[in-house]
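J.: Got a structure here, written out as structure tokens. Questions coming.
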Amino acid sequence: MDINKIMNLPDRIPTETLITMFQHALDQFKNNKIEKDKFLFILSQLTDRQVMTYELLRCDVRNDIDRILTKLWNTNSYDEVDIILSIVVNLGLEICFNKIKVSLQQCKDIDKTILDEIKETIDEVGENISNPYYSLEKFK
């Protein structure tokens, strides 16, 4: 996937187009055709567009992303933590969110800035990780 094209995507994209783009990014990453940092950037950009649809990403695609990000999760890089937290929260990725919470107990040497970012995100999300639109439902 071309990063310039990804960066210049319109804010709103049809759901089916987004699904295809997510699947393409997943396939490229699984087949080692793109590096982790590029993959995370692409997922982040596509997630920003997915949020604008006000609907959950199709379950199979969401689960695939969830499993991959769970494997990629580490607390060594603030930039990676920040991007993954954003994707996890905005797509409602339960498995990775649970791994993030567990990592707080397992990783004793987490940089304070990273630790604060993780704790703040967990506090903001609460128990509503599976539905990123939870706070909007009261306006229906």
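Residues are named by chain letter and number: chains run A, B, ... in the order of the structure tokens, numbers start at 1 in each chain, and ligands are numbered from 1 in the order shown.
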Just want the 12 Å neighbourhood of Glu16 of chain A, counted on only C-alpha atoms, with same-chain residues fewer than 2 positions away dropped. Output as a VMD selection string.

T.: chain A and resid 12 to 14 18 to 23 49 to 50 53 55 57 to 58 61

J.: Ile95 of chain A: which residues within 12 Å, counting only C-alpha atoms, same-chain residues fewer than 6 positions away excluded, as a VMD selection string?

T.: chain A and resid 62 to 71 73 88 to 89 101 to 102 129 to 130

J.: Please indicate the distance in Å from atom CA of Ile42 of chain A to atom CA of Asp109 of chain A, rounded to one decimal place.

T.: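 Atom-to-atom, atom CA of Ile42 of chain A and atom CA of Asp109 of chain A are spaced 29.1 Å apart.
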
J.: Using only C-alpha atoms, which residue out of A:Met1, A:Ile118, A:Ile34, A:Ile110 lies closest to Asn76 of chain A?

T.: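 Ranked by minimum distance to Asn76 of chain A, first place goes to A:Ile110.
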
J.: Report the residues of chain A whose backbone DSSP state falls under alpha helix (DSSP H), written as a PyMOL selection string.

T.: chain A and resi 3-7+15-30+36-51+59-72+78-91+94-106+112-125

J.: Find the residue from A:Asp116, A:Glu94, A:Asp111, A:Glu35 that sits nearest to Asn131 of chain A; use only C-alpha atoms when measuring.

T.: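 Under the stated criterion, the closest residue is A:Glu94.
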
J.: Report as a PDB file with all heavy atoms, in the first residue's frame all protein, DNA and RNA residues lying within 8 Å of Leu104 of chain A, evaluated on only C-alpha atoms, omitting residues in the same chain fewer than 4 positions from it.

T.:
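Result file is out.pdb:
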ATOM      1  N   ILE A 100      -3.225  -5.642  27.108  1.00  0.00           N
ATOM      2  CA  ILE A 100      -2.690  -4.358  27.565  1.00  0.00           C
ATOM      3  C   ILE A 100      -2.852  -4.239  29.083  1.00  0.00           C
ATOM      4  O   ILE A 100      -1.914  -3.857  29.785  1.00  0.00           O
ATOM      5  CB  ILE A 100      -3.385  -3.198  26.830  1.00  0.00           C
ATOM      6  CG1 ILE A 100      -2.957  -3.186  25.361  1.00  0.00           C
ATOM      7  CG2 ILE A 100      -3.107  -1.860  27.505  1.00  0.00           C
ATOM      8  CD1 ILE A 100      -3.812  -2.313  24.453  1.00  0.00           C
ATOM      9  N   LYS A 108       7.349  -4.689  34.768  1.00  0.00           N
ATOM     10  CA  LYS A 108       7.666  -3.808  35.897  1.00  0.00           C
ATOM     11  C   LYS A 108       8.521  -2.605  35.490  1.00  0.00           C
ATOM     12  O   LYS A 108       8.595  -1.631  36.214  1.00  0.00           O
ATOM     13  CB  LYS A 108       8.396  -4.602  36.989  1.00  0.00           C
ATOM     14  CG  LYS A 108       7.608  -5.787  37.502  1.00  0.00           C
ATOM     15  CD  LYS A 108       6.317  -5.365  38.132  1.00  0.00           C
ATOM     16  CE  LYS A 108       5.551  -6.575  38.630  1.00  0.00           C
ATOM     17  NZ  LYS A 108       4.171  -6.329  38.845  1.00  0.00           N
ATOM     18  N   LEU A 115       3.516   4.201  30.796  1.00  0.00           N
ATOM     19  CA  LEU A 115       2.632   3.679  31.837  1.00  0.00           C
ATOM     20  C   LEU A 115       1.434   4.602  32.053  1.00  0.00           C
ATOM     21  O   LEU A 115       0.288   4.146  32.113  1.00  0.00           O
ATOM     22  CB  LEU A 115       3.415   3.509  33.141  1.00  0.00           C
ATOM     23  CG  LEU A 115       2.679   2.892  34.317  1.00  0.00           C
ATOM     24  CD1 LEU A 115       2.259   1.460  34.010  1.00  0.00           C
ATOM     25  CD2 LEU A 115       3.554   2.939  35.558  1.00  0.00           C
TER      26      LEU A 115
END

J.: When you look at segment 8-11 of chain A with a cut-off of 9 Å (counting only C-alpha atoms), what residues show up, excluding the ones that are within fewer than 6 positions of it in the same chain? I need them as a list of chain:residue names.

T.: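 Final neighbour list, sorted by chain and number: A:Gln45, A:Leu46, A:Asp48, A:Arg49, A:Met52.
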
J.: Pick from A:Met7, A:Leu72, A:Leu26, A:Leu91: nearest to Thr47 of chain A, with only C-alpha atoms counted?

T.: A:Leu91

J.: Taking into account only C-alpha atoms, which residue in the set A:Asp82, A:Glu120, A:Asp37, A:Glu127 is nearest to Ile3 of chain A?

T.: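 The answer is A:Asp37, which sits nearest to Ile3 of chain A.
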
J.: Between A:Asn90, A:Ile114, A:Gln106, A:Ala25, which has the minimum distance to Lys38 of chain A (counting only C-alpha atoms)?

T.: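 Among the listed residues, the smallest separation from Lys38 of chain A belongs to A:Ala25.
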
J.: Which neighbours of Ser44 of chain A fall inside 9 Å, counting only C-alpha atoms, when residues of the same chain fewer than 3 positions from it are skipped, and could you give them as a list in words?

T.: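 Here the answer would be Phe39, Leu40, Phe41, Thr47, Asp48, Arg49, Ile83, Ile84, Ser86 and Ile87 of chain A.
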
J.: Can you measure atom CA of Lys5 of chain A to atom CA of Thr17 of chain A for me? One decimal in Å is fine.

T.: 13.9 Å

J.: Could you tell me how far atom CA of Gln105 of chain A lies from atom CA of Tyr78 of chain A, in Å and to one decimal?

T.: 17.9 Å
